[in-house]
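The file coords.cif contains mmCIF, C-alpha atoms:
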data_my_file
#
loop_
_atom_site.label_atom_id
_atom_site.label_comp_id
_atom_site.auth_asym_id
_atom_site.auth_seq_id
_atom_site.Cartn_x
_atom_site.Cartn_y
_atom_site.Cartn_z
CA MET J 1 0.00 0.00 0.00
CA ASN J 2 2.77 2.37 0.92
CA LYS J 3 4.53 1.60 -2.31
CA LYS J 4 1.40 2.43 -4.30
CA LEU J 5 0.95 5.70 -2.34
CA LEU J 6 4.56 6.70 -2.87
CA ALA J 7 4.34 5.89 -6.56
CA GLY J 8 1.17 8.02 -6.87
CA LEU J 9 2.79 10.98 -5.08
CA ALA J 10 5.83 10.70 -7.31
CA ALA J 11 3.62 10.72 -10.40
CA ILE J 12 1.67 13.82 -9.19
CA THR J 13 4.91 15.63 -8.34
CA ALA J 14 6.38 14.81 -11.73
CA SER J 15 3.23 16.07 -13.45
CA ALA J 16 3.25 19.29 -11.44
CA MET J 17 6.88 19.89 -12.29
CA ALA J 18 6.26 19.21 -15.95
CA LEU J 19 3.22 21.53 -16.09
CA PRO J 20 5.15 24.84 -16.39
CA ALA J 21 7.19 23.38 -19.19
CA VAL J 22 4.00 22.41 -21.01
CA ALA J 23 2.49 25.85 -20.43
CA GLY J 24 5.61 27.58 -21.69
CA GLY J 25 7.31 27.97 -18.32
CA TYR J 26 7.90 31.18 -16.37
CA ASN J 27 9.51 33.99 -18.31
CA PRO J 28 10.50 37.11 -16.33
CA PRO J 29 9.18 40.39 -17.80
CA VAL J 30 11.57 42.23 -20.14
CA VAL J 31 12.62 45.61 -18.73
CA GLU J 32 13.55 48.09 -21.43
CA ALA J 33 16.42 50.50 -20.86
CA PRO J 34 15.25 54.07 -20.12
CA VAL J 35 15.45 56.50 -23.01
CA ALA J 36 17.93 59.30 -22.27
CA ALA J 37 16.68 62.85 -22.75
CA PRO J 38 18.52 64.74 -25.52
CA VAL J 39 21.29 67.04 -24.28
CA VAL J 40 20.83 70.65 -25.36
CA ALA J 41 24.00 72.73 -25.57
CA PRO J 42 23.70 75.90 -23.49
CA VAL J 43 23.45 79.15 -25.39
CA SER J 44 26.38 81.45 -24.61
CA SER J 45 25.13 84.56 -22.89
CA PRO J 46 26.55 87.07 -20.42
CA ASP J 47 26.31 85.95 -16.82
CA GLY J 48 26.48 89.44 -15.37
CA ASP J 49 30.00 89.05 -13.99
CA TRP J 50 31.98 92.19 -14.86
CA THR J 51 35.27 90.98 -13.38
CA GLY J 52 38.14 91.21 -15.86
CA GLY J 53 40.13 93.46 -18.14
CA TYR J 54 38.89 95.34 -21.19
CA VAL J 55 39.98 97.56 -24.07
CA ALA J 56 37.68 99.89 -26.01
CA GLY J 57 37.58 102.45 -28.78
CA GLN J 58 35.48 105.57 -28.31
CA LEU J 59 34.04 108.26 -30.56
CA GLY J 60 32.08 111.34 -29.60
CA TRP J 61 31.88 115.09 -29.18
CA GLY J 62 33.65 117.64 -27.01
CA HIS J 63 32.85 121.18 -25.88
CA SER J 64 35.84 123.20 -24.63
CA LYS J 65 35.86 126.61 -22.91
CA PHE J 66 38.77 128.88 -21.97
CA GLY J 67 39.17 132.64 -21.51
CA GLY J 68 35.70 133.52 -22.78
CA LEU J 69 36.08 131.34 -25.90
CA ASP J 70 34.44 128.00 -26.60
CA ASN J 71 34.68 125.36 -29.31
CA ASP J 72 32.93 122.14 -30.33
CA SER J 73 35.00 119.33 -31.80
CA ALA J 74 34.98 115.64 -32.59
CA VAL J 75 36.60 113.44 -29.94
CA TYR J 76 38.01 109.95 -30.43
CA GLY J 77 40.36 107.69 -28.51
CA LEU J 78 41.20 104.46 -26.73
CA ARG J 79 40.71 103.15 -23.22
CA GLY J 80 41.66 100.14 -21.15
CA GLY J 81 41.06 99.00 -17.61
CA TYR J 82 40.15 96.31 -15.14
CA ASP J 83 36.94 95.80 -13.14
CA TYR J 84 36.15 93.64 -10.14
CA ASP J 85 32.56 92.54 -9.53
CA PHE J 86 31.66 92.17 -5.83
CA GLY J 87 28.12 90.94 -6.60
CA LYS J 88 26.00 94.01 -7.17
CA PHE J 89 28.84 96.51 -6.73
CA VAL J 90 31.62 96.88 -9.33
CA LEU J 91 34.87 98.77 -8.78
CA GLY J 92 37.45 99.34 -11.49
CA ALA J 93 40.45 101.38 -12.63
CA ASN J 94 40.98 102.69 -16.14
CA LEU J 95 43.32 104.70 -18.35
CA ASP J 96 42.19 106.51 -21.50
CA TRP J 97 43.41 108.95 -24.13
CA ASN J 98 41.27 111.21 -26.34
CA LYS J 99 42.16 113.35 -29.35
CA VAL J 100 40.28 116.64 -29.01
CA ASP J 101 41.64 119.34 -31.41
CA ALA J 102 39.60 122.18 -29.87
CA ASP J 103 40.56 125.61 -31.29
CA LEU J 104 40.30 128.32 -28.61
CA GLY J 105 41.77 131.33 -30.38
CA ALA J 106 45.50 131.42 -29.60
CA ASP J 107 45.28 128.07 -27.79
CA THR J 108 44.42 124.63 -29.15
CA VAL J 109 43.56 121.67 -26.93
CA ASN J 110 45.28 118.74 -28.62
CA ASP J 111 44.36 115.81 -26.41
CA ILE J 112 43.31 114.74 -22.91
CA ALA J 113 44.60 111.69 -21.01
CA ARG J 114 42.85 110.36 -17.90
CA LEU J 115 43.63 107.91 -15.10
CA GLY J 116 40.92 107.12 -12.60
CA LEU J 117 38.39 104.87 -10.93
CA ARG J 118 34.82 103.89 -11.68
CA ALA J 119 32.24 102.50 -9.29
CA GLY J 120 29.07 100.96 -10.62
CA TYR J 121 25.94 98.91 -10.05
CA ASP J 122 25.75 95.47 -11.68
CA MET J 123 22.34 95.01 -13.33
CA GLY J 124 23.29 91.80 -15.17
CA ARG J 125 23.99 92.74 -18.76
CA THR J 126 24.03 96.45 -17.87
CA LEU J 127 26.59 98.28 -15.75
CA VAL J 128 25.84 101.88 -14.72
CA TYR J 129 28.67 103.78 -13.05
CA VAL J 130 30.21 107.03 -11.86
CA ALA J 131 33.82 107.85 -12.71
CA ALA J 132 36.44 110.29 -11.42
CA GLY J 133 40.18 110.77 -11.43
CA ALA J 134 43.17 112.73 -12.69
CA ALA J 135 43.31 114.33 -16.14
CA ARG J 136 46.11 115.87 -18.20
CA ALA J 137 45.54 118.18 -21.18
CA ASN J 138 48.11 118.93 -23.86
CA VAL J 139 47.59 122.42 -25.29
CA ASP J 140 49.40 124.43 -27.96
CA THR J 141 49.84 128.05 -26.76
CA PRO J 142 51.60 131.05 -28.33
CA THR J 143 54.63 130.25 -26.17
CA GLY J 144 54.70 126.51 -27.03
CA SER J 145 53.10 123.22 -26.06
CA VAL J 146 52.18 122.79 -22.39
CA ASP J 147 50.74 119.97 -20.29
CA GLU J 148 48.29 120.91 -17.58
CA ASP J 149 47.08 118.64 -14.76
CA GLY J 150 43.47 118.65 -13.59
CA PHE J 151 40.63 116.29 -12.74
CA TYR J 152 37.55 114.74 -14.29
CA ALA J 153 34.21 113.32 -13.13
CA GLY J 154 31.19 111.89 -14.87
CA VAL J 155 28.75 109.05 -15.47
CA GLY J 156 28.52 106.16 -17.91
CA MET J 157 26.90 102.88 -18.85
CA ASP J 158 28.12 99.66 -20.49
CA TYR J 159 25.91 96.95 -22.00
CA ALA J 160 27.19 93.38 -22.57
CA ILE J 161 26.20 92.13 -26.04
CA ASN J 162 27.72 88.76 -25.09
CA ASP J 163 30.47 87.55 -22.76
CA ARG J 164 33.16 89.39 -24.76
CA TRP J 165 31.75 92.48 -26.53
CA THR J 166 30.20 95.57 -24.95
CA VAL J 167 28.77 98.88 -26.10
CA GLY J 168 28.39 101.92 -23.92
CA GLY J 169 28.28 105.65 -23.44
CA GLU J 170 29.93 108.15 -21.13
CA ILE J 171 29.76 111.87 -20.28
CA LEU J 172 32.76 113.41 -18.51
CA GLN J 173 33.59 116.91 -17.27
CA ASN J 174 37.33 117.75 -17.39
CA ARG J 175 38.64 120.81 -15.52
CA PHE J 176 42.08 122.43 -15.44
CA THR J 177 42.17 125.37 -13.02
CA ASP J 178 44.66 128.28 -13.33
CA PHE J 179 45.60 126.96 -16.75
CA ASN J 180 49.17 127.90 -17.76
CA GLY J 181 49.31 130.46 -14.95
CA THR J 182 46.50 132.58 -16.44
CA ASN J 183 44.19 132.34 -13.42
CA SER J 184 41.52 131.01 -15.82
CA THR J 185 39.98 127.55 -16.00
CA LEU J 186 40.13 125.36 -19.09
CA SER J 187 37.14 123.00 -19.16
CA THR J 188 36.21 120.33 -21.66
CA THR J 189 33.03 118.28 -21.59
CA THR J 190 33.22 115.05 -23.58
CA ALA J 191 30.33 112.76 -24.52
CA GLY J 192 30.90 109.60 -26.49
CA LEU J 193 30.02 106.06 -27.42
CA ASN J 194 32.39 103.14 -27.07
CA VAL J 195 32.76 99.55 -28.25
CA GLY J 196 34.75 97.30 -25.94
CA PHE J 197 36.29 93.83 -25.81
CA ARG J 198 36.54 92.07 -22.43
CA PHE J 199 39.06 89.39 -21.54
#
Kindly transcribe the structure held in the file into structure tokens.
Amino acid sequence: MNKKLLAGLAAITASAMALPAVAGGYNPPVVEAPVAAPVVAPVSSPDGDWTGGYVAGQLGWGHSKFGGLDNDSAVYGLRGGYDYDFGKFVLGANLDWNKVDADLGADTVNDIARLGLRAGYDMGRTLVYVAAGAARANVDTPTGSVDEDGFYAGVGMDYAINDRWTVGGEILQNRFTDFNGTNSTLSTTTAGLNVGFRF
């Protein structure tokens, strides 16, 4: 009896084990690899960081006055400098030279060179600033060419086209008191546009 029972159990077990094979067996589900999202290259645009050096060319207009005479003239020149961006506050130093050629009777203002500082507010692509420093004018007089030291102050704005090129504008007042010992003040107001390259 036991032998018959064992033989029956063995037959049932064998049938149960064979059943999955008959039904096709167990196949685990196929997991497909995730599809990666396409990578889009970032578009180069200014990040609002004004830290770094720059050079620029400038072109504009000047109005000079001395001894009761005044003259309007074209002004052009070059500038270079370095700025440091502290977040929203920018501080920089710059040096520039401008050809003026202002005829004031017996005197002619040839050019003005400036060395100074600018302090500005970082608005992202736009930097607005005030500027001031030392100025030196070269003037032809009846007694020869003289250099006179003075000062300048003004306001300006630069706009970043991209991370390298900028455009801007600036208005500066240049003053040279007691010019050439005459007890008179030579003043030149310059207003111009500039195109700069930052590095």
Shortest interatomic distance to J:Asp111 - which of J:Asp49, J:Asp163, J:Asp96, J:Glu170, counting all atoms listed in the file: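 Of the candidates, the smallest distance to J:Asp111 is held by J:Asp96.
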Nearest-residue call for J:Gly77, choices J:Thr185, J:Thr108, J:Thr143, J:Thr190, using all atoms listed in the file: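 Closest to J:Gly77 of all the choices is J:Thr190.
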Hits of the PyMOL selection byres ((chain J and resi 186) around 7) in this structure, as a list in words: Lys65, Phe66, Arg175, Phe176, Thr177, Phe179, Ser184, Thr185, Ser187 and Thr188 of chain J
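Residue nearest J:Pro142 within the list J:Thr51, J:Asn180, J:Ser73, J:Thr189: J:Asn180 [criterion: smallest interatomic distance, all atoms listed in the file].
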Long-range neighbours of J:Val100 as a VMD selection string, 10 Å cut-off, only C-alpha atoms, 6 positions minimum in chain: chain J and resid 60 to 64 72 to 77 108 to 112 137 to 138 188 190
Nearby residues (only C-alpha atoms) at most 9 Å from J:Asp158, same-chain spacing under 4 positions excluded, as an MDAnalysis selection string: chainID J and resid 125:129 166:170 194 196
So that all listed atoms of stretch 128-141 of chain J fit with 3 Å spare on each side, what axis-aligned box centre and edge lengths in Å, to one decimal, would you give as JSON?
{"center_x": 37.8, "center_y": 115.0, "center_z": -19.7, "size_x": 30.0, "size_y": 32.2, "size_z": 22.5}
From J:Val195, J:Gly81, J:Ala135, J:Val55, residue lying nearest J:Tyr152 [all atoms listed in the file]: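 Answer, going by the shortest atom-to-atom distance: J:Ala135.
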Proximity to J:Gly150 - best of J:Gly124, J:Gly192, J:Gly48, J:Gly133, only C-alpha atoms: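 For J:Gly150, the nearest of the given residues is J:Gly133.
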Best match for closeness to J:Val155 among J:Gly105, J:Tyr121, J:Asp140, J:Ala134, counting only C-alpha atoms: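 Using only C-alpha atoms, the shortest distance to J:Val155 belongs to J:Tyr121.
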Atom-to-atom span, atom CA of J:Gly144 and atom CA of J:Gly181, Å: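 So the answer is 13.8 Å.
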Between atom CA of J:Asn174 and atom CA of J:Gly80 - distance in Å to one decimal: 18.5 Å
Point-to-point distance from atom CA of J:Gly154 to atom CA of J:Gly68, Å rounded to tenths: 23.5 Å
Just write stretch 114-128 of chain J with N, CA and C atoms, as a PDB file, in the first residue's frame, taken from the block above.
ATOM      1  N   ARG J 114      43.485 110.483 -19.209  1.00  0.00           N
ATOM      2  CA  ARG J 114      42.848 110.355 -17.896  1.00  0.00           C
ATOM      3  C   ARG J 114      43.235 109.034 -17.234  1.00  0.00           C
ATOM      4  N   LEU J 115      43.390 109.094 -15.921  1.00  0.00           N
ATOM      5  CA  LEU J 115      43.632 107.909 -15.104  1.00  0.00           C
ATOM      6  C   LEU J 115      42.721 108.007 -13.894  1.00  0.00           C
ATOM      7  N   GLY J 116      41.859 107.000 -13.702  1.00  0.00           N
ATOM      8  CA  GLY J 116      40.924 107.123 -12.596  1.00  0.00           C
ATOM      9  C   GLY J 116      40.234 105.833 -12.225  1.00  0.00           C
ATOM     10  N   LEU J 117      39.182 105.986 -11.433  1.00  0.00           N
ATOM     11  CA  LEU J 117      38.389 104.867 -10.934  1.00  0.00           C
ATOM     12  C   LEU J 117      36.954 104.998 -11.408  1.00  0.00           C
ATOM     13  N   ARG J 118      36.263 103.869 -11.469  1.00  0.00           N
ATOM     14  CA  ARG J 118      34.824 103.889 -11.682  1.00  0.00           C
ATOM     15  C   ARG J 118      34.165 102.927 -10.718  1.00  0.00           C
ATOM     16  N   ALA J 119      33.014 103.323 -10.217  1.00  0.00           N
ATOM     17  CA  ALA J 119      32.245 102.498  -9.287  1.00  0.00           C
ATOM     18  C   ALA J 119      30.837 102.383  -9.843  1.00  0.00           C
ATOM     19  N   GLY J 120      30.350 101.150  -9.955  1.00  0.00           N
ATOM     20  CA  GLY J 120      29.072 100.961 -10.618  1.00  0.00           C
ATOM     21  C   GLY J 120      28.179  99.936  -9.966  1.00  0.00           C
ATOM     22  N   TYR J 121      26.961  99.854 -10.508  1.00  0.00           N
ATOM     23  CA  TYR J 121      25.943  98.914 -10.050  1.00  0.00           C
ATOM     24  C   TYR J 121      25.719  97.864 -11.126  1.00  0.00           C
ATOM     25  N   ASP J 122      25.891  96.598 -10.756  1.00  0.00           N
ATOM     26  CA  ASP J 122      25.751  95.472 -11.676  1.00  0.00           C
ATOM     27  C   ASP J 122      24.271  95.122 -11.825  1.00  0.00           C
ATOM     28  N   MET J 123      23.737  95.343 -13.038  1.00  0.00           N
ATOM     29  CA  MET J 123      22.345  95.015 -13.330  1.00  0.00           C
ATOM     30  C   MET J 123      22.260  93.820 -14.282  1.00  0.00           C
ATOM     31  N   GLY J 124      23.258  92.942 -14.245  1.00  0.00           N
ATOM     32  CA  GLY J 124      23.293  91.804 -15.171  1.00  0.00           C
ATOM     33  C   GLY J 124      24.056  92.182 -16.416  1.00  0.00           C
ATOM     34  N   ARG J 125      23.342  92.332 -17.515  1.00  0.00           N
ATOM     35  CA  ARG J 125      23.993  92.736 -18.761  1.00  0.00           C
ATOM     36  C   ARG J 125      24.376  94.212 -18.771  1.00  0.00           C
ATOM     37  N   THR J 126      23.800  95.007 -17.885  1.00  0.00           N
ATOM     38  CA  THR J 126      24.032  96.447 -17.872  1.00  0.00           C
ATOM     39  C   THR J 126      24.812  96.853 -16.627  1.00  0.00           C
ATOM     40  N   LEU J 127      25.817  97.707 -16.846  1.00  0.00           N
ATOM     41  CA  LEU J 127      26.594  98.280 -15.751  1.00  0.00           C
ATOM     42  C   LEU J 127      26.462  99.797 -15.835  1.00  0.00           C
ATOM     43  N   VAL J 128      25.900 100.417 -14.804  1.00  0.00           N
ATOM     44  CA  VAL J 128      25.844 101.878 -14.720  1.00  0.00           C
ATOM     45  C   VAL J 128      26.867 102.306 -13.669  1.00  0.00           C
TER      46      VAL J 128
END
